[in-house]
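J.: Coordinates in input26.tsv, TSV, C-alpha atoms and all ligand atoms, are listed below.
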```tsv
chain	number	residue	atom	x	y	z
A	16	MET	CA	70.78	-50.75	-53.32
A	17	GLN	CA	70.28	-52.46	-49.97
A	18	ILE	CA	66.81	-53.50	-48.80
A	19	LYS	CA	66.16	-54.37	-45.15
A	20	PHE	CA	62.86	-55.62	-43.79
A	21	TRP	CA	61.82	-54.29	-40.37
A	22	GLY	CA	58.11	-55.23	-40.57
A	23	VAL	CA	56.47	-57.68	-42.97
A	24	ARG	CA	52.98	-58.32	-41.53
A	25	GLY	CA	49.67	-56.91	-42.66
A	26	SER	CA	46.80	-55.55	-40.55
A	27	LEU	CA	48.30	-55.76	-37.06
A	28	PRO	CA	51.39	-57.04	-35.29
A	29	ALA	CA	51.46	-60.80	-34.78
A	30	PRO	CA	54.04	-61.97	-32.21
A	31	VAL	CA	54.93	-65.67	-32.11
A	32	SER	CA	53.15	-67.46	-29.25
A	33	SER	CA	54.85	-69.66	-26.61
A	34	GLU	CA	52.92	-72.61	-28.02
A	35	ARG	CA	54.48	-72.08	-31.48
A	36	ILE	CA	57.99	-71.66	-29.99
A	37	ALA	CA	57.57	-74.94	-28.09
A	38	GLU	CA	56.44	-76.61	-31.32
A	39	LYS	CA	59.60	-75.35	-33.09
A	40	LEU	CA	61.80	-76.66	-30.25
A	41	ILE	CA	60.16	-80.08	-30.37
A	42	ARG	CA	60.67	-80.32	-34.13
A	43	ALA	CA	64.29	-79.17	-33.86
A	44	LEU	CA	65.15	-81.60	-31.04
A	45	ASN	CA	63.31	-84.42	-32.73
A	46	GLY	CA	65.43	-83.94	-35.85
A	47	ALA	CA	68.73	-83.62	-33.97
A	48	LYS	CA	69.57	-87.33	-33.87
A	49	GLY	CA	73.24	-87.80	-34.68
A	50	VAL	CA	74.16	-84.17	-33.87
A	51	ASP	CA	76.89	-83.88	-31.23
A	52	LEU	CA	74.96	-81.89	-28.60
A	53	ASP	CA	78.11	-81.48	-26.47
A	54	ASP	CA	79.73	-79.43	-29.23
A	55	VAL	CA	78.42	-75.87	-29.64
A	56	PHE	CA	79.73	-75.62	-33.23
A	57	SER	CA	77.86	-78.78	-34.26
A	58	ILE	CA	74.72	-77.38	-32.65
A	59	GLN	CA	75.19	-74.07	-34.48
A	60	GLU	CA	75.72	-75.86	-37.79
A	61	TYR	CA	72.59	-77.93	-37.22
A	62	VAL	CA	70.49	-74.87	-36.28
A	63	ASP	CA	71.76	-73.01	-39.38
A	64	SER	CA	70.68	-75.96	-41.55
A	65	LEU	CA	67.07	-75.88	-40.33
A	66	PRO	CA	64.34	-74.24	-42.45
A	67	PHE	CA	63.20	-70.81	-41.25
A	68	GLU	CA	59.87	-72.11	-39.92
A	69	ILE	CA	61.75	-74.23	-37.35
A	70	ARG	CA	64.86	-72.08	-36.79
A	71	GLY	CA	63.15	-68.71	-36.53
A	72	THR	CA	60.20	-66.70	-37.72
A	73	CYS	CA	59.11	-64.38	-40.50
A	74	GLY	CA	58.48	-61.79	-37.80
A	75	GLY	CA	55.48	-60.10	-36.29
A	76	ASN	CA	55.85	-56.36	-36.99
A	77	THR	CA	53.74	-54.47	-39.51
A	78	SER	CA	55.02	-52.87	-42.71
A	79	CYS	CA	58.37	-51.09	-42.69
A	80	VAL	CA	61.11	-51.48	-45.31
A	81	GLU	CA	64.41	-49.57	-45.32
A	82	ILE	CA	66.32	-48.82	-48.50
A	83	LEU	CA	69.91	-47.57	-48.46
A	84	ALA	CA	71.03	-46.25	-51.83
A	85	ASN	CA	73.65	-43.75	-52.99
A	86	GLY	CA	74.18	-42.48	-49.42
A	87	HIS	CA	70.47	-41.85	-48.78
A	88	ARG	CA	68.07	-43.60	-46.40
A	89	LEU	CA	64.55	-44.20	-47.71
A	90	ILE	CA	61.88	-45.86	-45.56
A	91	PHE	CA	58.66	-47.34	-46.89
A	92	ASP	CA	55.80	-47.24	-44.42
A	93	ALA	CA	55.73	-46.61	-40.70
A	94	GLY	CA	54.21	-49.81	-39.34
A	95	SER	CA	55.35	-51.19	-35.97
A	96	GLY	CA	58.66	-52.27	-37.55
A	97	LEU	CA	59.64	-48.58	-37.66
A	98	ARG	CA	60.20	-48.62	-33.87
A	99	GLU	CA	63.15	-51.00	-34.11
A	100	LEU	CA	64.54	-49.28	-37.20
A	101	GLY	CA	64.41	-46.02	-35.21
A	102	LEU	CA	66.41	-47.60	-32.38
A	103	GLN	CA	69.04	-48.71	-34.89
A	104	MET	CA	69.14	-45.22	-36.43
A	105	MET	CA	69.68	-43.71	-32.95
A	106	LYS	CA	73.02	-45.60	-32.80
A	107	GLU	CA	74.03	-43.69	-35.91
A	108	GLU	CA	73.95	-39.94	-36.72
A	109	PHE	CA	70.29	-39.66	-35.70
A	110	GLY	CA	71.40	-40.08	-32.07
A	111	GLN	CA	73.24	-36.73	-32.38
A	112	GLY	CA	70.42	-34.99	-34.25
A	113	GLN	CA	72.36	-35.06	-37.50
A	114	GLY	CA	70.39	-37.61	-39.52
A	115	GLU	CA	68.20	-37.29	-42.58
A	116	ALA	CA	65.60	-39.83	-43.76
A	117	HIS	CA	62.90	-39.95	-46.43
A	118	LEU	CA	59.73	-41.76	-45.33
A	119	PHE	CA	57.25	-42.79	-48.02
A	120	ILE	CA	53.73	-43.74	-46.90
A	121	SER	CA	51.67	-46.13	-49.04
A	122	HIS	CA	48.46	-45.14	-47.20
A	123	THR	CA	47.35	-44.38	-43.67
A	124	HIS	CA	45.69	-47.60	-42.56
A	125	TRP	CA	46.90	-48.29	-39.02
A	126	ASP	CA	49.37	-50.99	-39.97
A	127	HIS	CA	51.28	-48.45	-42.11
A	128	ILE	CA	51.53	-45.55	-39.63
A	129	GLN	CA	51.20	-47.05	-36.13
A	130	GLY	CA	54.99	-47.14	-35.59
A	131	PHE	CA	55.49	-43.40	-36.11
A	132	PRO	CA	54.66	-42.26	-32.53
A	133	TYR	CA	57.40	-44.72	-31.36
A	134	PHE	CA	59.99	-43.51	-33.89
A	135	VAL	CA	62.62	-42.05	-31.55
A	136	PRO	CA	64.70	-40.17	-34.21
A	137	ALA	CA	61.62	-37.96	-34.85
A	138	TYR	CA	61.86	-36.65	-31.25
A	139	ILE	CA	65.48	-35.49	-31.58
A	140	PRO	CA	65.98	-31.83	-32.61
A	141	GLY	CA	68.15	-31.45	-35.69
A	142	ASN	CA	67.10	-34.68	-37.42
A	143	LYS	CA	65.39	-34.12	-40.77
A	144	ILE	CA	62.46	-36.42	-41.56
A	145	HIS	CA	60.80	-35.91	-44.95
A	146	ILE	CA	57.40	-37.63	-45.13
A	147	TYR	CA	55.94	-38.25	-48.59
A	148	SER	CA	52.43	-39.27	-49.64
A	149	PRO	CA	50.18	-38.44	-52.58
A	150	LYS	CA	47.42	-37.64	-50.03
A	151	LEU	CA	46.96	-33.86	-49.70
A	152	ASP	CA	46.20	-34.02	-45.97
A	153	ILE	CA	48.94	-36.44	-44.93
A	154	GLN	CA	50.09	-34.24	-42.03
A	155	GLN	CA	46.55	-34.07	-40.66
A	156	LYS	CA	46.21	-37.84	-40.99
A	157	PHE	CA	49.44	-38.39	-39.04
A	158	ALA	CA	48.30	-35.91	-36.39
A	159	THR	CA	44.99	-37.76	-35.92
A	160	GLN	CA	46.55	-40.83	-34.32
A	161	GLN	CA	48.30	-38.55	-31.78
A	162	MET	CA	45.43	-36.06	-31.47
A	163	ASP	CA	45.15	-35.96	-27.69
A	164	GLN	CA	46.41	-37.79	-24.63
A	165	ASP	CA	43.49	-40.21	-24.75
A	166	MET	CA	45.03	-41.57	-27.97
A	167	PHE	CA	48.79	-41.22	-27.28
A	168	PRO	CA	50.76	-39.26	-24.65
A	169	MET	CA	52.76	-37.18	-27.17
A	170	ARG	CA	51.30	-35.09	-29.97
A	171	LEU	CA	52.82	-34.93	-33.44
A	172	ASP	CA	54.00	-31.36	-32.66
A	173	ASP	CA	55.84	-32.66	-29.57
A	174	MET	CA	58.20	-34.59	-31.86
A	175	SER	CA	60.90	-31.96	-32.18
A	176	SER	CA	62.82	-33.10	-35.23
A	177	ASP	CA	62.52	-31.09	-38.42
A	178	LYS	CA	59.52	-32.87	-40.01
A	179	GLU	CA	58.52	-31.96	-43.54
A	180	PHE	CA	55.30	-33.35	-45.03
A	181	ILE	CA	55.47	-33.48	-48.81
A	182	THR	CA	52.60	-34.14	-51.22
A	183	MET	CA	54.10	-36.61	-53.65
A	184	PRO	CA	53.82	-35.11	-57.14
A	185	GLU	CA	52.29	-37.28	-59.88
A	186	ASP	CA	55.51	-37.14	-61.86
A	187	GLY	CA	57.60	-38.37	-58.93
A	188	VAL	CA	60.46	-36.94	-56.86
A	189	GLU	CA	64.23	-36.98	-57.05
A	190	ILE	CA	66.44	-37.39	-53.99
A	191	GLY	CA	69.99	-36.77	-55.22
A	192	ASP	CA	70.30	-39.21	-58.11
A	193	ILE	CA	67.51	-41.49	-56.83
A	194	ARG	CA	64.17	-41.30	-58.62
A	195	VAL	CA	60.92	-42.29	-56.88
A	196	ASP	CA	57.61	-42.63	-58.76
A	197	CYS	CA	54.19	-43.66	-57.44
A	198	LEU	CA	51.08	-45.43	-58.71
A	199	LEU	CA	47.63	-45.75	-57.15
A	200	LEU	CA	46.62	-49.34	-56.33
A	201	HIS	CA	43.13	-50.72	-55.91
A	202	HIS	CA	42.56	-50.74	-52.12
A	203	PRO	CA	39.84	-49.34	-49.82
A	204	GLY	CA	40.76	-45.64	-49.44
A	205	GLY	CA	43.59	-46.08	-51.98
A	206	SER	CA	47.18	-47.24	-51.50
A	207	TRP	CA	50.19	-46.11	-53.51
A	208	ALA	CA	52.97	-48.26	-54.88
A	209	TYR	CA	56.44	-46.72	-55.15
A	210	ARG	CA	59.17	-47.41	-57.70
A	211	VAL	CA	62.72	-46.52	-56.73
A	212	ARG	CA	65.48	-46.26	-59.32
A	213	ALA	CA	69.09	-45.82	-58.21
A	214	GLY	CA	72.42	-46.80	-59.70
A	215	GLY	CA	70.80	-48.71	-62.58
A	216	LYS	CA	68.65	-50.83	-60.22
A	217	THR	CA	64.88	-50.74	-59.75
A	218	LEU	CA	62.86	-51.69	-56.71
A	219	VAL	CA	59.05	-51.61	-56.61
A	220	TYR	CA	57.22	-51.50	-53.27
A	221	ALA	CA	53.59	-52.43	-53.98
A	222	THR	CA	51.71	-53.25	-50.82
A	223	ASP	CA	47.98	-53.27	-50.15
A	224	GLY	CA	46.72	-53.79	-53.67
A	225	GLU	CA	44.05	-56.00	-55.21
A	226	TYR	CA	43.93	-56.95	-58.88
A	227	GLN	CA	40.27	-57.79	-59.49
A	228	ASP	CA	40.15	-57.19	-63.22
A	229	LEU	CA	42.83	-59.34	-64.84
A	230	SER	CA	42.20	-58.08	-68.40
A	231	GLN	CA	45.25	-56.74	-70.22
A	232	GLU	CA	43.71	-53.26	-70.36
A	233	ALA	CA	43.06	-53.09	-66.60
A	234	LEU	CA	46.48	-54.51	-65.73
A	235	GLN	CA	48.48	-52.31	-68.11
A	236	PRO	CA	49.28	-49.48	-65.63
A	237	TYR	CA	50.64	-52.05	-63.14
A	238	LEU	CA	52.54	-53.93	-65.83
A	239	ASP	CA	54.22	-50.70	-66.94
A	240	PHE	CA	55.05	-49.77	-63.36
A	241	PHE	CA	56.51	-53.18	-62.40
A	242	ALA	CA	58.37	-53.69	-65.70
A	243	ASP	CA	61.88	-55.15	-65.38
A	244	ALA	CA	62.11	-54.47	-61.64
A	245	ASP	CA	65.12	-56.08	-59.97
A	246	ALA	CA	62.86	-56.64	-56.95
A	247	LEU	CA	59.09	-56.38	-56.49
A	248	ILE	CA	57.81	-56.27	-52.90
A	249	PHE	CA	54.24	-57.47	-53.37
A	250	ASP	CA	51.11	-57.74	-51.21
A	251	SER	CA	50.53	-61.50	-51.16
A	252	MET	CA	48.41	-61.47	-48.01
A	253	TYR	CA	45.99	-64.26	-48.83
A	254	THR	CA	46.02	-67.79	-50.15
A	255	PHE	CA	44.02	-68.21	-53.35
A	256	SER	CA	41.01	-69.73	-51.51
A	257	GLU	CA	41.00	-66.98	-48.88
A	258	SER	CA	41.24	-64.30	-51.57
A	259	VAL	CA	37.99	-65.61	-53.08
A	260	SER	CA	36.11	-65.20	-49.79
A	261	LYS	CA	37.76	-61.81	-49.16
A	262	GLU	CA	37.23	-60.27	-52.58
A	263	GLY	CA	37.07	-56.48	-52.30
A	264	TRP	CA	39.22	-56.35	-49.13
A	265	GLY	CA	42.03	-54.83	-51.18
A	266	HIS	CA	44.70	-57.53	-50.99
A	267	SER	CA	46.27	-60.02	-53.35
A	268	THR	CA	47.90	-63.45	-53.52
A	269	SER	CA	51.35	-64.79	-54.31
A	270	LEU	CA	49.94	-66.39	-57.47
A	271	VAL	CA	48.87	-63.01	-58.87
A	272	GLY	CA	52.35	-61.78	-57.90
A	273	VAL	CA	53.91	-64.58	-59.98
A	274	ASP	CA	51.66	-63.84	-62.98
A	275	LEU	CA	52.45	-60.12	-62.93
A	276	SER	CA	56.18	-60.78	-62.40
A	277	VAL	CA	56.34	-63.27	-65.29
A	278	LYS	CA	54.50	-60.83	-67.59
A	279	THR	CA	56.82	-57.92	-66.74
A	280	GLY	CA	60.26	-59.52	-66.46
A	281	VAL	CA	60.61	-58.92	-62.71
A	282	LYS	CA	63.78	-60.61	-61.38
A	283	ARG	CA	62.87	-61.12	-57.69
A	284	LEU	CA	59.35	-61.39	-56.32
A	285	ILE	CA	59.27	-60.74	-52.57
A	286	LEU	CA	56.07	-61.91	-50.85
A	287	PHE	CA	55.02	-59.30	-48.29
A	288	HIS	CA	52.22	-58.10	-45.94
A	289	HIS	CA	51.68	-61.55	-44.47
A	290	GLU	CA	48.25	-62.30	-43.02
A	291	PRO	CA	48.59	-62.08	-39.18
A	292	THR	CA	46.75	-65.38	-38.60
A	293	TYR	CA	49.23	-67.31	-40.82
A	294	ASP	CA	52.02	-68.89	-38.76
A	295	ASP	CA	55.49	-69.72	-40.09
A	296	ASN	CA	54.41	-73.22	-41.19
A	297	LYS	CA	51.60	-71.75	-43.25
A	298	LEU	CA	53.95	-69.17	-44.82
A	299	ALA	CA	56.44	-71.94	-45.68
A	300	GLU	CA	53.58	-73.85	-47.33
A	301	ILE	CA	52.57	-70.73	-49.31
A	302	MET	CA	56.18	-70.40	-50.50
A	303	GLN	CA	56.24	-74.02	-51.64
A	304	LYS	CA	52.92	-73.70	-53.51
A	305	THR	CA	54.04	-70.43	-55.09
A	306	SER	CA	57.21	-72.10	-56.41
A	307	GLN	CA	55.15	-75.01	-57.77
A	308	TYR	CA	52.81	-72.56	-59.49
A	309	TYR	CA	55.76	-70.69	-60.98
A	310	SER	CA	57.14	-73.92	-62.46
A	311	LEU	CA	53.80	-74.32	-64.30
A	312	VAL	CA	53.58	-70.80	-65.72
A	313	ARG	CA	57.29	-70.16	-66.27
A	314	GLU	CA	58.05	-68.90	-69.75
A	315	PHE	CA	61.67	-67.78	-70.01
A	316	GLY	CA	64.17	-66.17	-67.70
A	317	GLN	CA	64.37	-66.97	-64.03
A	318	LEU	CA	62.18	-65.44	-61.35
A	319	GLU	CA	63.54	-65.72	-57.82
A	320	ILE	CA	60.75	-65.93	-55.24
A	321	LEU	CA	61.43	-64.89	-51.64
A	322	LEU	CA	59.40	-64.51	-48.49
A	323	ALA	CA	59.87	-61.13	-46.80
A	324	MET	CA	61.35	-61.83	-43.35
A	325	GLU	CA	61.99	-59.38	-40.58
A	326	GLY	CA	65.70	-58.61	-40.20
A	327	GLU	CA	66.60	-59.92	-43.64
A	328	VAL	CA	68.84	-57.85	-45.93
A	329	ILE	CA	68.75	-58.14	-49.71
A	330	GLU	CA	71.21	-56.48	-52.09
A	331	ILE	CA	70.13	-55.73	-55.62
B	401	ZN	ZN	48.17	-53.03	-44.75
B	402	ZN	ZN	45.48	-51.09	-46.14
```
For this file, produce the structure as structure tokens.

T.:
Amino acid sequence: MQIKFWGVRGSLPAPVSSERIAEKLIRALNGAKGVDLDDVFSIQEYVDSLPFEIRGTCGGNTSCVEILANGHRLIFDAGSGLRELGLQMMKEEFGQGQGEAHLFISHTHWDHIQGFPYFVPAYIPGNKIHIYSPKLDIQQKFATQQMDQDMFPMRLDDMSSDKEFITMPEDGVEIGDIRVDCLLLHHPGGSWAYRVRAGGKTLVYATDGEYQDLSQEALQPYLDFFADADALIFDSMYTFSESVSKEGWGHSTSLVGVDLSVKTGVKRLILFHHEPTYDDNKLAEIMQKTSQYYSLVREFGQLEILLAMEGEVIEI
């Protein structure tokens, strides 16, 4: 199973500012003493050795994760990252109207659907786009953001691919030999986590969820759902201190992600839905503190902790 991140931010897109890029350049040049700057290979080697917060960025697009498994393409959420994924898909069979994709929507807050009107494959006749959500009126909700030309120039009906809106059944769906289940998370208006099982591997996509009641009884449905996942993509939007002041906003922290992963034998915890006001330095700091916390609560086994970064590919 291949996982690719096209959008990792929460709430709204957060492009890197010129000020932050200049800061990265200053840090990189300041650390380049001894590097042969006349030799492009030495420069490349030096750049590759830099931590991500200097060399690049986590990315600014909102939620969109692509899964390729057993010859099928599954997409989780249609945040602004979906636009670039769509452009990539157009270079493949979707450009000829011969593509098929399965799009799973966690919920319809803007940051999870705002990329759909810019999803070019959905405009090409012949492409098949299956859109899944446990919400009964998912088609209506998608149509609302393209209701009239005051909102967006093209209506949902103007997108001439073969679009099928599917109410996700409680007992899950099967796409070939891939199984997808869902679970309601605590979030204003509700958000659904998805668990994908294919070829003996399990991925859980659990964004926009808050875990207010940490009693065993309250956590049990989540523990069962996350159990033994090879990768858990987890809403870790806030730092611990910010989560206290934003209780009830429907988001979680990396520390809760570690606790739940340790309890359930998750192999890789992927921190996701980054707060748009957190820059790359802050996200690097969160990663460091999360690793420190894990070393305190570690029991047995080995949990790998990763930061979701736009453009990154992970194989499980
Ligand atoms: Zn969100
Ligand atoms: Zn939300």

J.: Around ligand ZN 402 (chain B), at most 10 Å away and counting only C-alpha atoms and all ligand atoms, which residues are there? Put them as a list in words, please.

T.: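 Using only C-alpha atoms and all ligand atoms, everything at most 10 Å from ligand ZN 402 (chain B) comes to Gly25, Ser26, Ser121, His122, Thr123, His124, Trp125, Asp126, His127, His202, Pro203, Gly204, Gly205, Ser206, Thr222, Asp223, Gly224, Trp264, Gly265, His266 and His288 of chain A.
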
J.: Go through A:Ala323, A:Val62, A:Tyr220, A:Glu34 one by one, measure the shortest atom-to-atom distance of each to Gly46 in chain A using all atoms listed in the file, and give the residue with the smallest value.

T.: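 With all atoms listed in the file as the atom set, the closest residue is A:Val62.
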
J.: Just want the 10 Å neighbourhood of Leu151 in chain A, counted on all atoms listed in the file, with same-chain residues fewer than 2 positions away dropped. Output as a ChimeraX atom specification.

T.: /A:148-149,153-156,180-183

J.: Kindly provide, as a list in words, the polymer residues lying within 8 Å of (69.7, -58.4, -46.6), counting only C-alpha atoms and using the coordinates exactly as they appear in the file.

T.: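 The requested residues, written out, are Gln17, Ile18, Lys19, Phe20, Gly326, Glu327, Val328, Ile329 and Glu330 of chain A.
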
J.: Please identify all polymer residues lying at most 10 Å from the point (59.2, -37.3, -44.9) (file coordinates), using only C-alpha atoms, and present the result as a list in words.

T.: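 The residues near that point, listed by chain and number, are Leu89, Ile90, Glu115, Ala116, His117, Leu118, Phe119, Ile120, Lys143, Ile144, His145, Ile146, Tyr147, Ser148, Asp177, Lys178, Glu179, Phe180, Ile181 and Thr182 of chain A.
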
J.: Considering all atoms listed in the file, return as a CSV table (one decimal) with C-alpha atoms, in the frame of the given file whatever protein or nucleic-acid residues lie within 9 Å of Gln113 in chain A, sequence-local ones (same chain, fewer than 6 positions apart) excluded.

T.:
```csv
chain,number,residue,atom,x,y,z
A,107,GLU,CA,74.0,-43.7,-35.9
A,140,PRO,CA,66.0,-31.8,-32.6
A,141,GLY,CA,68.2,-31.4,-35.7
A,142,ASN,CA,67.1,-34.7,-37.4
A,143,LYS,CA,65.4,-34.1,-40.8
```

J.: Identify, on the basis of only C-alpha atoms, every residue whose closest approach to Lys216 in chain A does not exceed 8 Å; exclude the query and any residue fewer than 6 positions from it along the same chain; express the result as a VMD selection string.

T.: chain A and resid 16 244 to 245 331

J.: Which distance in Å separates CA of Glu60 in chain A and CA of Ala47 in chain A, to one decimal?

T.: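 Straight-line distance from CA of Glu60 in chain A to CA of Ala47 in chain A works out to 11.1 Å.
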
J.: Do a neighbour search on range 228-243 of chain A at 12 Å with only C-alpha atoms, toss out local chain neighbours closer than 3 positions, and write the hits as a short mmCIF file (atom, residue, chain, number, x, y, z; two decimals) with C-alpha atoms, keeping the file's coordinate frame.

T.:
```cif
data_model
loop_
_atom_site.label_atom_id
_atom_site.label_comp_id
_atom_site.auth_asym_id
_atom_site.auth_seq_id
_atom_site.Cartn_x
_atom_site.Cartn_y
_atom_site.Cartn_z
CA VAL A 195 60.92 -42.29 -56.88
CA ASP A 196 57.61 -42.63 -58.76
CA CYS A 197 54.19 -43.66 -57.44
CA LEU A 198 51.08 -45.43 -58.71
CA LEU A 199 47.63 -45.75 -57.15
CA LEU A 200 46.62 -49.34 -56.33
CA HIS A 201 43.13 -50.72 -55.91
CA TRP A 207 50.19 -46.11 -53.51
CA ALA A 208 52.97 -48.26 -54.88
CA TYR A 209 56.44 -46.72 -55.15
CA ARG A 210 59.17 -47.41 -57.70
CA VAL A 211 62.72 -46.52 -56.73
CA ARG A 212 65.48 -46.26 -59.32
CA GLY A 215 70.80 -48.71 -62.58
CA LYS A 216 68.65 -50.83 -60.22
CA THR A 217 64.88 -50.74 -59.75
CA LEU A 218 62.86 -51.69 -56.71
CA VAL A 219 59.05 -51.61 -56.61
CA TYR A 220 57.22 -51.50 -53.27
CA ALA A 221 53.59 -52.43 -53.98
CA GLY A 224 46.72 -53.79 -53.67
CA GLU A 225 44.05 -56.00 -55.21
CA ALA A 246 62.86 -56.64 -56.95
CA LEU A 247 59.09 -56.38 -56.49
CA ILE A 248 57.81 -56.27 -52.90
CA PHE A 249 54.24 -57.47 -53.37
CA GLU A 262 37.23 -60.27 -52.58
CA GLY A 263 37.07 -56.48 -52.30
CA SER A 267 46.27 -60.02 -53.35
CA VAL A 271 48.87 -63.01 -58.87
CA GLY A 272 52.35 -61.78 -57.90
CA VAL A 273 53.91 -64.58 -59.98
CA ASP A 274 51.66 -63.84 -62.98
CA LEU A 275 52.45 -60.12 -62.93
CA SER A 276 56.18 -60.78 -62.40
CA VAL A 277 56.34 -63.27 -65.29
CA LYS A 278 54.50 -60.83 -67.59
CA THR A 279 56.82 -57.92 -66.74
CA GLY A 280 60.26 -59.52 -66.46
CA VAL A 281 60.61 -58.92 -62.71
CA LYS A 282 63.78 -60.61 -61.38
CA ARG A 283 62.87 -61.12 -57.69
CA LEU A 284 59.35 -61.39 -56.32
CA GLY A 316 64.17 -66.17 -67.70
CA LEU A 318 62.18 -65.44 -61.35
#
```

J.: When you draw a straight line from CA of Phe255 in chain A to CA of Leu27 in chain A, how long is it in Å?

T.: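 Atom-to-atom, CA of Phe255 in chain A and CA of Leu27 in chain A are spaced 20.9 Å apart.
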
J.: From the options A:Asp92, A:Asp165, A:Asp173, A:Glu99, which residue's atoms come nearest to ligand ZN 401 (chain B), counting only C-alpha atoms and all ligand atoms?

T.: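 Result for the nearest residue to ligand ZN 401 (chain B): A:Asp92.
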
J.: Mind pulling up the distance from CA of Tyr138 in chain A to CA of Glu81 in chain A?

T.: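 Separation between CA of Glu81 in chain A and CA of Tyr138 in chain A: 19.3 Å.
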
J.: Can you work out which one of A:Arg24, A:Arg35, A:Arg42, A:Arg170 has the shortest atom-to-atom distance to Phe157 in chain A, counting only C-alpha atoms?

T.: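 Ranked by minimum distance to Phe157 in chain A, first place goes to A:Arg170.
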
J.: Find the smallest box with edges along x, y and z containing every listed atom of range 306-323 of chain A, then add 5 Å on each side and report centre and edge lengths in Å to one decimal, as AutoDock Vina command-line options.

T.:
```
--center_x 58.6 --center_y -68.1 --center_z -58.4 --size_x 21.6 --size_y 23.9 --size_z 33.2
```

J.: Taking 3 positions as the minimum chain separation for residues in the same chain, which residues sit within 10 Å of Ser269 in chain A when counting only C-alpha atoms? Answer as an NGL selection string.

T.: :A and (249-255 or 272-275 or 284-287 or 301-302 or 304-306 or 308-309 or 320 or 322)

J.: With distances taken over only C-alpha atoms and all ligand atoms, which of A:Asp63, A:Glu290, A:Glu325, A:Glu68 is nearest to ligand ZN 401 (chain B)?

T.: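 Going through A:Asp63, A:Glu290, A:Glu325, A:Glu68 one by one, the smallest distance to ligand ZN 401 (chain B) is for A:Glu290.
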
J.: Using all atoms listed in the file, find the one residue out of A:Ile36, A:Ile193, A:Pro132, A:Gly101 that sits nearest to Met162 in chain A.

T.: A:Pro132
